[in-house]
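See below for data_33.cif, which holds mmCIF, C-alpha atoms and all ligand atoms.
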```cif
data_entry
loop_
_atom_site.label_atom_id
_atom_site.label_comp_id
_atom_site.auth_asym_id
_atom_site.auth_seq_id
_atom_site.Cartn_x
_atom_site.Cartn_y
_atom_site.Cartn_z
CA MET A 11 -115.08 -180.29 -73.12
CA PRO A 12 -113.85 -177.75 -75.66
CA GLY A 13 -112.87 -179.01 -79.09
CA THR A 14 -109.25 -179.66 -79.89
CA ILE A 15 -106.75 -176.98 -80.81
CA ASP A 16 -105.34 -177.57 -84.29
CA TYR A 17 -101.68 -177.04 -83.47
CA SER A 18 -100.72 -177.59 -87.12
CA ARG A 19 -102.18 -174.12 -87.81
CA ILE A 20 -99.97 -172.21 -85.36
CA THR A 21 -96.24 -171.97 -84.85
CA ILE A 22 -94.86 -171.27 -81.40
CA VAL A 23 -91.31 -169.96 -81.44
CA PRO A 24 -89.69 -169.62 -78.00
CA ASP A 25 -87.67 -166.42 -77.61
CA PHE A 26 -84.82 -165.43 -75.29
CA ASP A 27 -87.19 -164.81 -72.37
CA THR A 28 -89.31 -167.94 -72.80
CA ALA A 29 -86.95 -170.65 -74.16
CA GLU A 30 -86.19 -172.10 -70.70
CA TRP A 31 -89.87 -171.92 -69.78
CA TRP A 32 -90.76 -174.03 -72.84
CA MET A 33 -88.02 -176.49 -71.88
CA GLY A 34 -89.78 -176.73 -68.51
CA THR A 35 -93.19 -177.49 -70.00
CA LYS A 36 -91.59 -180.22 -72.09
CA GLN A 37 -90.47 -181.77 -68.77
CA HIS A 38 -94.00 -181.20 -67.34
CA LYS A 39 -92.82 -178.41 -65.05
CA TYR A 40 -94.82 -175.20 -64.60
CA LEU A 41 -92.25 -172.46 -63.99
CA VAL A 42 -92.57 -168.80 -63.06
CA ARG A 43 -89.81 -166.21 -63.07
CA GLN A 44 -88.17 -165.39 -59.74
CA CYS A 45 -85.79 -162.56 -58.88
CA LYS A 46 -82.63 -163.72 -57.09
CA SER A 47 -82.19 -160.29 -55.50
CA CYS A 48 -85.59 -159.76 -53.85
CA GLY A 49 -87.46 -163.05 -54.32
CA HIS A 50 -90.31 -161.55 -56.34
CA LYS A 51 -92.10 -164.04 -58.63
CA TRP A 52 -94.11 -163.29 -61.77
CA PHE A 53 -95.50 -164.61 -65.03
CA PRO A 54 -95.22 -164.27 -67.98
CA PRO A 55 -91.44 -164.07 -68.01
CA PHE A 56 -89.70 -160.83 -68.94
CA PRO A 57 -86.05 -159.83 -68.57
CA ALA A 58 -86.02 -157.75 -65.38
CA CYS A 59 -87.70 -157.75 -61.97
CA ASN A 60 -90.47 -155.14 -61.86
CA LYS A 61 -89.99 -154.71 -58.09
CA CYS A 62 -86.23 -154.05 -57.91
CA THR A 63 -85.14 -153.96 -61.61
CA SER A 64 -82.56 -156.73 -61.07
CA MET A 65 -81.74 -158.86 -64.10
CA ASP A 66 -80.33 -161.63 -61.89
CA LEU A 67 -83.20 -164.08 -62.34
CA THR A 68 -84.01 -167.73 -61.84
CA TRP A 69 -87.06 -170.00 -62.17
CA PHE A 70 -89.43 -171.21 -59.48
CA GLU A 71 -91.10 -174.57 -60.10
CA THR A 72 -94.69 -174.46 -58.92
CA ALA A 73 -96.78 -177.50 -58.07
CA GLY A 74 -99.10 -176.50 -60.92
CA LYS A 75 -102.14 -176.11 -58.67
CA GLY A 76 -104.27 -173.08 -58.00
CA VAL A 77 -107.71 -171.52 -57.74
CA ILE A 78 -109.76 -169.80 -60.44
CA HIS A 79 -109.71 -166.09 -59.59
CA SER A 80 -111.66 -165.04 -62.69
CA TYR A 81 -112.41 -166.27 -66.18
CA ILE A 82 -113.80 -165.41 -69.59
CA VAL A 83 -115.42 -167.54 -72.26
CA VAL A 84 -113.94 -167.20 -75.73
CA THR A 85 -116.59 -167.68 -78.39
CA GLN A 86 -114.88 -166.22 -81.46
CA PRO A 87 -111.76 -167.97 -82.74
CA ILE A 88 -109.16 -165.29 -83.43
CA LEU A 89 -106.88 -167.82 -85.14
CA SER A 90 -107.85 -170.67 -87.44
CA ALA A 91 -106.26 -173.13 -84.99
CA PHE A 92 -109.15 -172.46 -82.61
CA ILE A 93 -112.08 -172.90 -85.03
CA GLU A 94 -112.94 -176.31 -83.55
CA THR A 95 -112.04 -175.23 -80.02
CA VAL A 96 -114.62 -172.53 -79.29
CA PRO A 97 -116.24 -171.99 -76.94
CA TYR A 98 -113.45 -172.38 -74.39
CA VAL A 99 -112.59 -170.84 -71.05
CA VAL A 100 -109.52 -168.75 -70.26
CA ALA A 101 -109.03 -168.48 -66.53
CA LEU A 102 -106.95 -166.24 -64.31
CA ILE A 103 -105.48 -168.69 -61.82
CA GLU A 104 -103.92 -167.89 -58.45
CA LEU A 105 -101.14 -170.39 -57.83
CA ASP A 106 -101.33 -172.10 -54.41
CA ASP A 107 -97.60 -172.17 -53.74
CA CYS A 108 -96.42 -169.00 -55.41
CA HIS A 109 -96.46 -165.66 -53.61
CA GLU A 110 -95.08 -162.27 -54.54
CA THR A 111 -92.86 -160.53 -51.98
CA ASP A 112 -95.92 -158.69 -50.57
CA GLY A 113 -97.74 -161.99 -50.01
CA ALA A 114 -100.12 -161.70 -52.97
CA LEU A 115 -100.61 -164.91 -54.90
CA VAL A 116 -99.05 -164.98 -58.36
CA ARG A 117 -101.69 -165.13 -61.07
CA VAL A 118 -101.30 -166.86 -64.41
CA ALA A 119 -103.65 -167.13 -67.37
CA GLY A 120 -104.55 -170.55 -68.66
CA VAL A 121 -106.92 -172.27 -71.05
CA LEU A 122 -109.17 -174.78 -69.28
CA LEU A 123 -110.08 -178.25 -70.47
CA ASP A 124 -113.49 -177.83 -68.83
CA ASP A 125 -116.63 -176.33 -70.35
CA GLU A 126 -118.14 -173.02 -69.20
CA GLU A 127 -120.94 -174.87 -67.38
CA ALA A 128 -118.42 -176.49 -65.03
CA VAL A 129 -116.41 -173.36 -64.29
CA ALA A 130 -116.81 -170.99 -61.35
CA MET A 131 -114.54 -168.59 -59.52
CA GLY A 132 -113.06 -170.26 -56.46
CA LEU A 133 -112.76 -173.76 -57.90
CA PRO A 134 -109.40 -175.56 -57.64
CA VAL A 135 -107.53 -176.38 -60.84
CA GLU A 136 -104.36 -178.23 -61.76
CA VAL A 137 -102.12 -178.06 -64.77
CA VAL A 138 -102.17 -180.71 -67.50
CA PHE A 139 -99.44 -180.78 -70.13
CA GLN A 140 -100.57 -181.27 -73.72
CA GLN A 141 -98.19 -182.32 -76.47
CA THR A 142 -98.51 -180.36 -79.71
CA ASN A 143 -97.59 -181.57 -83.19
CA GLU A 144 -94.21 -179.91 -82.65
CA PRO A 145 -92.09 -182.32 -80.53
CA ASN A 146 -90.41 -179.49 -78.60
CA ILE A 147 -93.61 -177.64 -77.71
CA VAL A 148 -95.74 -178.86 -74.82
CA ILE A 149 -98.62 -176.58 -73.82
CA PRO A 150 -99.92 -176.28 -70.28
CA ARG A 151 -103.70 -176.45 -69.97
CA TRP A 152 -105.72 -176.47 -66.76
CA LYS A 153 -108.54 -178.64 -65.44
CA ILE A 154 -110.87 -178.44 -62.47
CA CYS A 155 -109.64 -180.88 -59.82
CA GLY A 156 -112.13 -180.57 -56.97
CA THR A 157 -114.92 -178.57 -55.39
CA ALA A 158 -115.08 -175.52 -53.13
CA GLU A 159 -117.69 -174.09 -50.75
CA ASN A 160 -117.48 -170.47 -51.82
CA THR A 161 -117.69 -170.30 -55.59
CA TRP A 162 -119.28 -167.74 -57.84
CA LYS A 163 -120.21 -167.48 -61.50
CA PHE A 164 -122.13 -165.02 -63.61
CA VAL A 165 -125.59 -166.30 -64.46
CA GLU A 166 -127.69 -164.46 -67.05
ZN ZN A 201 -86.38 -158.17 -57.57
#
```
Show me, as structure tokens, the structure contained in the file I just sent.
Ligand SMILES: [Zn+2]
Amino acid sequence: MPGTIDYSRITIVPDFDTAEWWMGTKQHKYLVRQCKSCGHKWFPPFPACNKCTSMDLTWFETAGKGVIHSYIVVTQPILSAFIETVPYVVALIELDDCHETDGALVRVAGVLLDDEEAVAMGLPVEVVFQQTNEPNIVIPRWKICGTAENTWKFVE
């Protein structure tokens, strides 16, 4: 398991586009943006639909489950908060219950609680909400929650 993130060394300040999303994580909800006009869903949130340009938006609450589409292993801490955390895995996760209007699964990036040795593309993951030292900031992390028949990982 990766080391802990020292949240006292970073400050997360929700902005206009993310404030409601951070309120969701505090309630242990994993939200993605959804366009009211065409139904398109995406993450991270930004102020207009990139399919139809509508600014009439809402949130879609996902079940917080998905499959690892790809991943990287971070070995160099770019911020001091991650000095004790490396190495850790950042995965691109396809959400099980969240499709774009063309049927493609919505992908989100997430930091895993699992080590590199346990990770492979195709494995199922679920979100875990982690409280930071700031009472209003709860961070979603991801953990492997099962097995799969068709997995793949790079082996040197
Ligand atoms: Zn739209």
### Message
Could you list the protein, DNA and RNA residues that have any atom within 10 Å of ligand ZN 201 (chain A), counting all atoms listed in the file, and write them as a list in words?
### Response
Gln44, Cys45, Lys46, Ser47, Cys48, Gly49, His50, Lys51, Ala58, Cys59, Asn60, Lys61, Cys62, Thr63, Ser64, Met65, Asp66, Leu67 and Thr111 of chain A
### Message
One decimal, in Å: what's the spacing between atom CA of Cys155 of chain A and atom CA of Val135 of chain A?
### Response
5.1 Å
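The shell of residues at most 8 Å from segment 18-29 of chain A, with only C-alpha atoms counted and near chain neighbours (fewer than 6 positions) removed, consists of Pro55, Phe56, Pro57, Ser90, Ala91, Asn143 and Ile147 of chain A.
Atom pair atom CA of Asp16 of chain A / atom CA of Phe92 of chain A has a distance of 6.6 Å (rounded to one decimal).
Straight-line separation from atom CA of Ser80 of chain A to atom CA of Asp107 of chain A: 18.1 Å.
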### Query
Which is closest to Glu104 of chain A among A:Ala128, A:Ile88, A:Val77, A:Val83, if we use only C-alpha atoms?
A:Val77
Need the axis-aligned box for segment 17-32 of chain A with 4 Å each side, so what are the centre and edges in Å to one decimal, as JSON?
```
{"center_x": -93.5, "center_y": -171.2, "center_z": -78.8, "size_x": 25.4, "size_y": 20.8, "size_z": 26.0}
```
### Message
Every residue with an atom at most 10 Å from (-112.9, -171.4, -82.4) (file coordinates; only C-alpha atoms) is what I'm after, so could you write them as JSON, numbers by chain?
### Response
{"A": [12, 13, 14, 15, 16, 84, 85, 86, 87, 88, 89, 90, 91, 92, 93, 94, 95, 96, 97, 98]}
### Query
From the set A:Arg117, A:Lys39, A:Lys163, A:His109, which residue has the shortest atom-to-atom contact distance to Gly74 of chain A, counting all atoms listed in the file?
A:Lys39
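Counting only C-alpha atoms, the residue from A:Val118, A:Met11, A:Glu71, A:Val99 that sits nearest to Thr35 of chain A is A:Glu71.
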### Task
List the neighbours of Gln141 of chain A out to 10 Å using only C-alpha atoms; skip same-chain residues closer than 4 positions along the sequence, and give me the result as a list of chain:residue names.
A:Tyr17, A:Thr35, A:Lys36, A:Pro145, A:Asn146, A:Ile147, A:Val148, A:Ile149, A:Pro150
Would you save the residues from that selection as a CSV table (one decimal), in the coordinates of the input, using C-alpha atoms?
```
chain,number,residue,atom,x,y,z
A,17,TYR,CA,-101.7,-177.0,-83.5
A,35,THR,CA,-93.2,-177.5,-70.0
A,36,LYS,CA,-91.6,-180.2,-72.1
A,145,PRO,CA,-92.1,-182.3,-80.5
A,146,ASN,CA,-90.4,-179.5,-78.6
A,147,ILE,CA,-93.6,-177.6,-77.7
A,148,VAL,CA,-95.7,-178.9,-74.8
A,149,ILE,CA,-98.6,-176.6,-73.8
A,150,PRO,CA,-99.9,-176.3,-70.3
```
### Task
Excluding Val137 of chain A and residues on its chain fewer than 2 positions from it, collect all residues at most 10 Å away from it, counting only C-alpha atoms, and give them as a PyMOL selection string.
chain A and resi 38-40+73-76+120-123+135+139-140+149-155
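When all atoms listed in the file are used to measure the gap to Glu136 of chain A, the shortest distance among A:Ala158, A:Phe164, A:Ala119, A:Leu105 belongs to A:Leu105.
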### Task
Give me the residues within 6 Å of Met131 of chain A as a count of residues only, counting only C-alpha atoms and dropping any in the same chain fewer than 5 places off.
5
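Remark: for Ile103 of chain A, the closest of the candidate residues A:Phe53, A:Glu127, A:Met33, A:Phe70 is A:Phe53 (distances computed over only C-alpha atoms).
In terms of minimum interatomic distance to Val165 of chain A, A:Ala130 ranks closest within A:Ala130, A:Cys108, A:Leu41, A:Val138, counting all atoms listed in the file.
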